[in-house]
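Engineer: Okay, so here is structure05.cif, and as you'll see once you scroll down, it has mmCIF, C-alpha atoms.
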data_coords
loop_
_atom_site.group_PDB
_atom_site.id
_atom_site.type_symbol
_atom_site.label_atom_id
_atom_site.label_comp_id
_atom_site.auth_asym_id
_atom_site.auth_seq_id
_atom_site.Cartn_x
_atom_site.Cartn_y
_atom_site.Cartn_z
ATOM 1 C CA MET Z 153 0.000 0.000 0.000
ATOM 2 C CA THR Z 154 1.152 3.580 -0.701
ATOM 3 C CA LYS Z 155 -0.002 7.052 0.316
ATOM 4 C CA ASP Z 156 -2.291 6.960 -2.730
ATOM 5 C CA SER Z 157 -4.084 3.970 -1.198
ATOM 6 C CA VAL Z 158 -6.050 6.308 1.113
ATOM 7 C CA GLU Z 159 -8.323 9.181 0.087
ATOM 8 C CA ILE Z 160 -9.204 11.771 2.732
ATOM 9 C CA ILE Z 161 -12.609 13.215 1.953
ATOM 10 C CA GLU Z 162 -12.837 15.501 4.976
ATOM 11 C CA LYS Z 163 -10.825 16.253 8.105
ATOM 12 C CA LYS Z 164 -12.092 18.482 10.925
ATOM 13 C CA THR Z 165 -10.716 19.224 14.386
ATOM 14 C CA SER Z 166 -13.459 18.492 16.926
ATOM 15 C CA PHE Z 167 -11.519 19.314 20.114
ATOM 16 C CA LYS Z 168 -8.161 20.864 20.952
ATOM 17 C CA ASP Z 169 -6.587 21.259 24.392
ATOM 18 C CA TYR Z 170 -3.955 19.006 26.024
ATOM 19 C CA ILE Z 171 -4.926 16.549 23.303
ATOM 20 C CA GLN Z 172 -6.509 17.122 19.901
ATOM 21 C CA VAL Z 173 -9.348 15.097 18.408
ATOM 22 C CA ASP Z 174 -9.718 15.112 14.616
ATOM 23 C CA HIS Z 175 -12.679 13.679 12.712
ATOM 24 C CA TYR Z 176 -11.904 11.947 9.417
ATOM 25 C CA LEU Z 177 -14.078 10.897 6.513
ATOM 26 C CA LEU Z 178 -11.956 8.648 4.280
ATOM 27 C CA LYS Z 179 -11.796 5.546 2.169
ATOM 28 C CA HIS Z 180 -8.968 3.141 1.381
ATOM 29 C CA VAL Z 181 -7.933 0.448 -1.081
ATOM 30 C CA LEU Z 182 -9.200 -3.027 -0.168
ATOM 31 C CA HIS Z 183 -6.951 -6.097 0.022
ATOM 32 C CA ASP Z 184 -8.829 -7.805 -2.825
ATOM 33 C CA GLY Z 185 -9.055 -4.680 -5.000
ATOM 34 C CA GLY Z 186 -11.446 -1.761 -5.258
ATOM 35 C CA TRP Z 187 -12.189 0.826 -2.586
ATOM 36 C CA SER Z 188 -13.840 0.675 0.809
ATOM 37 C CA LYS Z 189 -17.008 2.556 1.629
ATOM 38 C CA VAL Z 190 -16.550 5.969 3.277
ATOM 39 C CA ILE Z 191 -15.378 5.496 6.877
ATOM 40 C CA SER Z 192 -16.041 7.967 9.709
ATOM 41 C CA ARG Z 193 -13.417 7.928 12.474
ATOM 42 C CA GLU Z 194 -12.128 10.075 15.356
ATOM 43 C CA VAL Z 195 -8.364 10.205 15.845
ATOM 44 C CA VAL Z 196 -6.579 11.446 18.980
ATOM 45 C CA GLU Z 197 -3.460 13.560 18.431
ATOM 46 C CA ARG Z 198 -1.292 13.939 21.548
ATOM 47 C CA GLY Z 199 2.218 14.076 20.138
ATOM 48 C CA HIS Z 200 4.818 11.339 19.934
ATOM 49 C CA VAL Z 201 6.600 9.729 22.844
ATOM 50 C CA ALA Z 202 10.019 8.374 23.716
ATOM 51 C CA ALA Z 203 10.721 6.095 26.669
ATOM 52 C CA ALA Z 204 13.792 4.463 28.176
ATOM 53 C CA LEU Z 205 14.237 1.474 30.436
ATOM 54 C CA LEU Z 206 17.089 2.643 32.673
ATOM 55 C CA TYR Z 207 19.659 -0.049 33.378
ATOM 56 C CA ASP Z 208 22.978 -0.163 35.204
ATOM 57 C CA PRO Z 209 24.951 -3.101 33.751
ATOM 58 C CA ASP Z 210 27.679 -2.800 36.397
ATOM 59 C CA LEU Z 211 25.242 -3.296 39.284
ATOM 60 C CA ASP Z 212 22.752 -5.284 37.179
ATOM 61 C CA LEU Z 213 19.897 -3.028 38.329
ATOM 62 C CA PHE Z 214 16.968 -1.256 36.703
ATOM 63 C CA VAL Z 215 15.956 2.230 37.738
ATOM 64 C CA LEU Z 216 12.149 2.376 37.558
ATOM 65 C CA ILE Z 217 9.604 5.034 38.421
ATOM 66 C CA GLU Z 218 6.128 4.958 39.951
ATOM 67 C CA GLN Z 219 3.520 7.684 39.503
ATOM 68 C CA PHE Z 220 -0.243 8.266 39.603
ATOM 69 C CA ARG Z 221 -2.009 8.119 36.233
ATOM 70 C CA THR Z 222 -5.485 9.644 35.899
ATOM 71 C CA ALA Z 223 -6.432 7.475 32.907
ATOM 72 C CA ALA Z 224 -5.461 4.347 34.859
ATOM 73 C CA PHE Z 225 -7.678 5.565 37.708
ATOM 74 C CA ALA Z 226 -10.551 6.007 35.228
ATOM 75 C CA ALA Z 227 -9.905 2.531 33.763
ATOM 76 C CA ARG Z 228 -10.172 1.102 37.273
ATOM 77 C CA GLN Z 229 -13.876 1.888 37.233
ATOM 78 C CA SER Z 230 -14.442 -0.860 34.645
ATOM 79 C CA PRO Z 231 -15.483 -4.350 35.845
ATOM 80 C CA TRP Z 232 -12.314 -5.958 34.451
ATOM 81 C CA TRP Z 233 -10.018 -4.574 37.137
ATOM 82 C CA GLY Z 234 -10.185 -5.787 40.716
ATOM 83 C CA ASP Z 235 -10.051 -3.743 43.895
ATOM 84 C CA ASP Z 236 -6.331 -4.444 44.195
ATOM 85 C CA PHE Z 237 -5.541 -2.659 40.905
ATOM 86 C CA SER Z 238 -3.448 0.461 41.545
ATOM 87 C CA PRO Z 239 -3.524 3.607 39.362
ATOM 88 C CA TRP Z 240 0.072 4.236 40.497
ATOM 89 C CA MET Z 241 1.952 2.840 37.512
ATOM 90 C CA VAL Z 242 5.425 1.270 37.562
ATOM 91 C CA GLU Z 243 7.025 2.635 34.407
ATOM 92 C CA CYS Z 244 10.062 3.483 32.337
ATOM 93 C CA VAL Z 245 10.950 7.160 32.149
ATOM 94 C CA ALA Z 246 9.016 8.678 29.235
ATOM 95 C CA GLY Z 247 7.704 11.906 27.805
ATOM 96 C CA ILE Z 248 6.384 13.729 24.759
ATOM 97 C CA ILE Z 249 9.016 14.655 22.182
ATOM 98 C CA GLU Z 250 9.210 18.436 21.837
ATOM 99 C CA ASP Z 251 9.673 20.354 18.582
ATOM 100 C CA GLY Z 252 13.289 20.225 17.432
ATOM 101 C CA GLU Z 253 14.086 17.361 19.811
ATOM 102 C CA SER Z 254 15.073 13.818 18.838
ATOM 103 C CA PRO Z 255 13.655 10.782 20.668
ATOM 104 C CA GLU Z 256 17.116 10.105 22.143
ATOM 105 C CA GLU Z 257 17.410 13.704 23.393
ATOM 106 C CA MET Z 258 13.967 13.443 24.999
ATOM 107 C CA CYS Z 259 15.001 10.286 26.865
ATOM 108 C CA ARG Z 260 18.137 11.961 28.182
ATOM 109 C CA ARG Z 261 16.132 14.994 29.331
ATOM 110 C CA GLU Z 262 13.344 13.029 30.997
ATOM 111 C CA SER Z 263 15.775 10.653 32.693
ATOM 112 C CA VAL Z 264 17.240 13.595 34.593
ATOM 113 C CA GLU Z 265 13.878 15.297 35.245
ATOM 114 C CA GLU Z 266 12.020 12.173 36.373
ATOM 115 C CA ALA Z 267 14.728 9.979 37.886
ATOM 116 C CA ASN Z 268 17.757 12.238 38.472
ATOM 117 C CA CYS Z 269 19.812 9.755 36.416
ATOM 118 C CA PRO Z 270 21.875 10.961 33.440
ATOM 119 C CA ILE Z 271 22.012 8.486 30.558
ATOM 120 C CA SER Z 272 25.573 7.711 29.459
ATOM 121 C CA ASP Z 273 24.663 5.409 26.554
ATOM 122 C CA ILE Z 274 21.442 4.540 24.797
ATOM 123 C CA TYR Z 275 20.347 1.486 22.837
ATOM 124 C CA PRO Z 276 17.252 1.363 20.558
ATOM 125 C CA ILE Z 277 14.638 -1.287 21.311
ATOM 126 C CA SER Z 278 11.579 -0.625 19.153
ATOM 127 C CA GLN Z 279 9.295 1.894 17.493
ATOM 128 C CA TYR Z 280 5.542 1.231 17.565
ATOM 129 C CA ILE Z 281 2.103 2.856 17.506
ATOM 130 C CA SER Z 282 0.591 2.594 20.962
ATOM 131 C CA SER Z 283 -3.098 2.346 19.981
ATOM 132 C CA PRO Z 284 -3.534 2.408 16.179
ATOM 133 C CA GLY Z 285 -7.311 2.111 16.366
ATOM 134 C CA CYS Z 286 -7.700 5.649 17.690
ATOM 135 C CA MET Z 287 -4.337 7.393 18.340
ATOM 136 C CA THR Z 288 -1.448 8.651 16.222
ATOM 137 C CA GLU Z 289 0.990 8.355 19.141
ATOM 138 C CA THR Z 290 4.255 6.660 18.162
ATOM 139 C CA VAL Z 291 6.487 5.339 20.950
ATOM 140 C CA PHE Z 292 10.262 5.262 20.461
ATOM 141 C CA LEU Z 293 11.564 2.771 23.009
ATOM 142 C CA PHE Z 294 15.159 2.571 24.256
ATOM 143 C CA CYS Z 295 17.334 1.100 26.968
ATOM 144 C CA GLY Z 296 19.408 3.769 28.696
ATOM 145 C CA ARG Z 297 22.640 3.067 30.557
ATOM 146 C CA VAL Z 298 22.790 4.802 33.948
ATOM 147 C CA ASP Z 299 24.623 4.697 37.253
ATOM 148 C CA ALA Z 300 22.125 3.277 39.762
ATOM 149 C CA SER Z 301 24.409 3.468 42.794
ATOM 150 C CA ASN Z 302 22.605 6.512 44.233
ATOM 151 C CA ALA Z 303 19.235 6.137 42.517
ATOM 152 C CA GLY Z 304 16.099 6.675 44.565
ATOM 153 C CA GLY Z 305 13.862 9.403 45.932
ATOM 154 C CA VAL Z 306 10.962 11.499 44.688
ATOM 155 C CA PHE Z 307 11.370 13.721 41.624
ATOM 156 C CA GLY Z 308 9.388 15.388 38.817
ATOM 157 C CA LEU Z 309 8.409 18.913 37.819
ATOM 158 C CA GLU Z 310 6.117 20.598 40.347
ATOM 159 C CA GLU Z 311 4.621 22.865 37.674
ATOM 160 C CA GLU Z 312 3.484 19.754 35.773
ATOM 161 C CA GLY Z 313 1.993 18.142 38.883
ATOM 162 C CA GLU Z 314 4.534 15.325 38.857
ATOM 163 C CA ASP Z 315 5.128 13.242 41.967
ATOM 164 C CA ILE Z 316 7.462 10.479 40.814
ATOM 165 C CA ARG Z 317 8.946 7.819 43.091
ATOM 166 C CA VAL Z 318 12.257 6.443 41.843
ATOM 167 C CA PHE Z 319 13.435 3.014 42.936
ATOM 168 C CA THR Z 320 15.799 0.258 41.839
ATOM 169 C CA ALA Z 321 14.957 -3.356 41.062
ATOM 170 C CA THR Z 322 16.931 -6.340 39.912
ATOM 171 C CA PRO Z 323 15.917 -7.769 36.530
ATOM 172 C CA GLU Z 324 14.493 -10.787 38.345
ATOM 173 C CA GLU Z 325 12.335 -8.527 40.528
ATOM 174 C CA ALA Z 326 11.067 -6.749 37.406
ATOM 175 C CA PHE Z 327 10.310 -10.085 35.742
ATOM 176 C CA GLU Z 328 8.280 -11.021 38.823
ATOM 177 C CA MET Z 329 6.381 -7.726 38.602
ATOM 178 C CA LEU Z 330 5.435 -8.699 35.057
ATOM 179 C CA GLU Z 331 4.245 -12.097 36.219
ATOM 180 C CA ASN Z 332 2.108 -10.798 39.075
ATOM 181 C CA GLY Z 333 0.541 -7.921 37.125
ATOM 182 C CA ARG Z 334 2.301 -5.071 38.903
ATOM 183 C CA ILE Z 335 3.598 -3.741 35.564
ATOM 184 C CA VAL Z 336 0.575 -3.160 33.303
ATOM 185 C CA ASN Z 337 1.570 -0.433 30.835
ATOM 186 C CA SER Z 338 2.671 -1.463 27.366
ATOM 187 C CA MET Z 339 5.967 0.414 27.032
ATOM 188 C CA THR Z 340 7.360 -1.037 30.257
ATOM 189 C CA ILE Z 341 6.079 -4.550 29.496
ATOM 190 C CA LEU Z 342 7.712 -4.426 26.050
ATOM 191 C CA ALA Z 343 10.978 -3.033 27.398
ATOM 192 C CA VAL Z 344 11.315 -5.596 30.200
ATOM 193 C CA GLN Z 345 10.377 -8.484 27.908
ATOM 194 C CA TRP Z 346 12.917 -7.239 25.350
ATOM 195 C CA PHE Z 347 15.519 -7.220 28.116
ATOM 196 C CA GLN Z 348 14.644 -10.817 29.024
ATOM 197 C CA LEU Z 349 15.495 -11.821 25.452
ATOM 198 C CA ASN Z 350 18.508 -9.551 24.964
ATOM 199 C CA ARG Z 351 20.141 -9.338 28.392
ATOM 200 C CA ASN Z 352 23.397 -11.073 27.446
ATOM 201 C CA LYS Z 353 23.652 -9.226 24.138
ATOM 202 C CA LEU Z 354 23.223 -5.822 25.818
ATOM 203 C CA ARG Z 355 25.680 -6.623 28.593
ATOM 204 C CA HIS Z 356 28.213 -7.763 25.994
ATOM 205 C CA ILE Z 357 27.825 -4.443 24.142
ATOM 206 C CA TRP Z 358 28.120 -2.300 27.269
ATOM 207 C CA LEU Z 359 30.547 -4.388 29.306
ATOM 208 C CA GLY Z 360 32.412 -6.345 26.654
ATOM 209 C CA ASN Z 361 31.358 -9.707 28.061
ATOM 210 C CA ALA Z 362 28.320 -11.962 28.084
ATOM 211 C CA ASP Z 363 27.262 -13.812 31.201
#
Give the structure from this file in C-alpha cells form.

Structural biologist:
Amino acid sequence: MTKDSVEIIEKKTSFKDYIQVDHYLLKHVLHDGGWSKVISREVVERGHVAAALLYDPDLDLFVLIEQFRTAAFAARQSPWWGDDFSPWMVECVAGIIEDGESPEEMCRRESVEEANCPISDIYPISQYISSPGCMTETVFLFCGRVDASNAGGVFGLEEEGEDIRVFTATPEEAFEMLENGRIVNSMTILAVQWFQLNRNKLRHIWLGNAD
C-alpha cells in the first residue's frame, strides 16, 4: 500500500486542548481490489513519545519510576479490574518529544527530570504505535545506561503536577512484577520483555562480556 491507497474526503478538528481530536471521513484500497465505503473515524493527536528502560549493567539493576495516572484511575472503574488494581503505575521514564528534539534527546532529558539519572549510553529497542485504532501516538523505546548506585527518591516537575517515586529493582524482581501484574503499561512490558530476550547481548555491548 502507498499514500495513494487512502483518500481523505474531509478532516475536521473536533476538540483541541492538552490533546486534539480530529474527525476523518476517508476511504482506502481493499486487500482484494477496489475501494472501501466511506469510513467515519475520530483520531486522537497527543504528540509522539520516547521512553527508556534505565539499566545499570555494572550493578545489574533497573531504575524504575512509579507515579499516579489519571487514565489508569478512570480505567479502574471498569469491571475488568479488581479492587487491588493500583492507578500508580510502575514505568520506564518517558515523555512527549518536543519540537526540534530527537527521541534520544527526549530520553536523556526526561531521565534527569524524572529519575535524576543521566544516561551515558542509549540502545534502541523498538518503534511502535501505541493504539492504532484511535491514536497517532508513536512510541520510540530505548534502553538507557545509567549509574544506579545513588538512585532513589521522589522527583518530577512541580509545575506539571509530577510526583514520581524512583526506585531500583533487579531484573528478576522486574520479571516477577510482570508475572504478578504489577507492571501493566505497554511500554514497560515491552521493554522488560525485550531485556529478558537480549540481556546477554546488551551486557556484551556495554561491558564487553556476556554472562

Engineer: Could you pull out every residue with an atom within 7 Å of (9.8, -0.7, 37.0), file coordinates, counting only C-alpha atoms, and send them as a ChimeraX atom specification?

Structural biologist: /Z:215-217,242-244,326

Engineer: Starting from the PyMOL selection byres ((chain Z and resi 183-187) around 10), expand the selection into actual residues of this file and give them as a list in words.

Structural biologist: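 The output of the PyMOL selection byres ((chain Z and resi 183-187) around 10) on this file is Met153, Ser157, Val158, Glu159, Lys179, His180, Val181, Leu182, Ser188, Lys189 and Val190 of chain Z.
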
Engineer: What residues come out when you apply the PyMOL selection byres ((chain Z and resi 321) around 8) to this file, written as a list in words?

Structural biologist: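 Here the PyMOL selection byres ((chain Z and resi 321) around 8) matches Leu213, Phe214, Val215, Leu216, Phe319, Thr320, Thr322, Pro323, Glu324, Glu325 and Ala326 of chain Z.
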
Engineer: Excluding Ala204 in chain Z and any residue of its chain fewer than 2 positions from it, enumerate the residues within 6 Å of it, using only C-alpha atoms, and give them as an MDAnalysis selection string.

Structural biologist: chainID Z and resid 206 244:245 293:296

Engineer: Please enumerate the residues selected by the PyMOL selection byres ((chain Z and resi 163) around 7) when evaluated against the supplied file, formatted as a CSV table (one decimal) with C-alpha atoms, in the coordinates of the input.

Structural biologist:
chain,number,residue,atom,x,y,z
Z,162,GLU,CA,-12.8,15.5,5.0
Z,164,LYS,CA,-12.1,18.5,10.9
Z,165,THR,CA,-10.7,19.2,14.4
Z,174,ASP,CA,-9.7,15.1,14.6
Z,175,HIS,CA,-12.7,13.7,12.7
Z,176,TYR,CA,-11.9,11.9,9.4
Z,177,LEU,CA,-14.1,10.9,6.5

Engineer: Starting from 8 Å padding per side, set up an axis-aligned box that covers all listed atoms of range 251-257 of chain Z and hand over centre and edge lengths in Å, one decimal, as JSON.

Structural biologist:
{"center_x": 13.5, "center_y": 15.2, "center_z": 20.4, "size_x": 23.7, "size_y": 26.2, "size_z": 22.0}

Engineer: State, in Å with one decimal place, the distance from CA of Asp235 in chain Z to CA of Met339 in chain Z.

Structural biologist: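 About the pair CA of Asp235 in chain Z and CA of Met339 in chain Z: they are 23.6 Å apart.
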
Engineer: Quick one: pull the distance between CA of Arg334 in chain Z and CA of Ile316 in chain Z, Å, one decimal.

Structural biologist: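 Answer for the CA of Arg334 in chain Z to CA of Ile316 in chain Z separation: 16.5 Å.
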
Engineer: Can you pull out the residues contacting Phe307 in chain Z? Cut-off 10 Å, using only C-alpha atoms, and skip same-chain residues under 3 positions away; I want them as a count of residues only.

Structural biologist: 13

Engineer: Would you mind telling me which residue in Z:Ala343, Z:Ile191, Z:Ile249, Z:Met241 lies nearest to Ser278 in chain Z when using only C-alpha atoms?

Structural biologist: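 Among the listed residues, Z:Ala343 lies closest to Ser278 in chain Z.
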
Engineer: Mind pulling up the distance from CA of Gly234 in chain Z to CA of Leu342 in chain Z?

Structural biologist: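 The value is 23.2 Å.
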
Engineer: Could you check the closest approach to Gly247 in chain Z for each of Z:Ile160, Z:Ala303, Z:Ala226, Z:Val291 and tell me which residue wins, using only C-alpha atoms?

Structural biologist: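 Counting only C-alpha atoms, the residue closest to Gly247 in chain Z is Z:Val291.
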
Engineer: Given the point (12.7, 7.7, 24.0) in the file's coordinates, find the residues that have an atom at most 7 Å from it, counting all atoms listed in the file, and give them as number ranges by chain.

Structural biologist: Z: 201-204, 246, 255-256, 258-259, 292-294

Engineer: Those residues with C-alpha atoms, as a compact mmCIF listing (two decimals), in the frame of the given file please?

Structural biologist:
# COMPACT_ATOMS: atom_id res chain seq x y z
CA VAL Z 201 6.60 9.73 22.84
CA ALA Z 202 10.02 8.37 23.72
CA ALA Z 203 10.72 6.10 26.67
CA ALA Z 204 13.79 4.46 28.18
CA ALA Z 246 9.02 8.68 29.24
CA PRO Z 255 13.66 10.78 20.67
CA GLU Z 256 17.12 10.10 22.14
CA MET Z 258 13.97 13.44 25.00
CA CYS Z 259 15.00 10.29 26.86
CA PHE Z 292 10.26 5.26 20.46
CA LEU Z 293 11.56 2.77 23.01
CA PHE Z 294 15.16 2.57 24.26

Engineer: Name the closest residue to Gln345 in chain Z among the candidates Z:Glu194, Z:Gly308, Z:Trp358, Z:Leu330; distances are taken between atoms, counting only C-alpha atoms.

Structural biologist: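 Nearest to Gln345 in chain Z: Z:Leu330.
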
Engineer: Which is closer to Gln348 in chain Z than all the others in Z:Val336, Z:Leu178, Z:Phe327, Z:Gln219, using all atoms listed in the file?

Structural biologist: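 Using all atoms listed in the file, Gln348 in chain Z sits closest to Z:Phe327.
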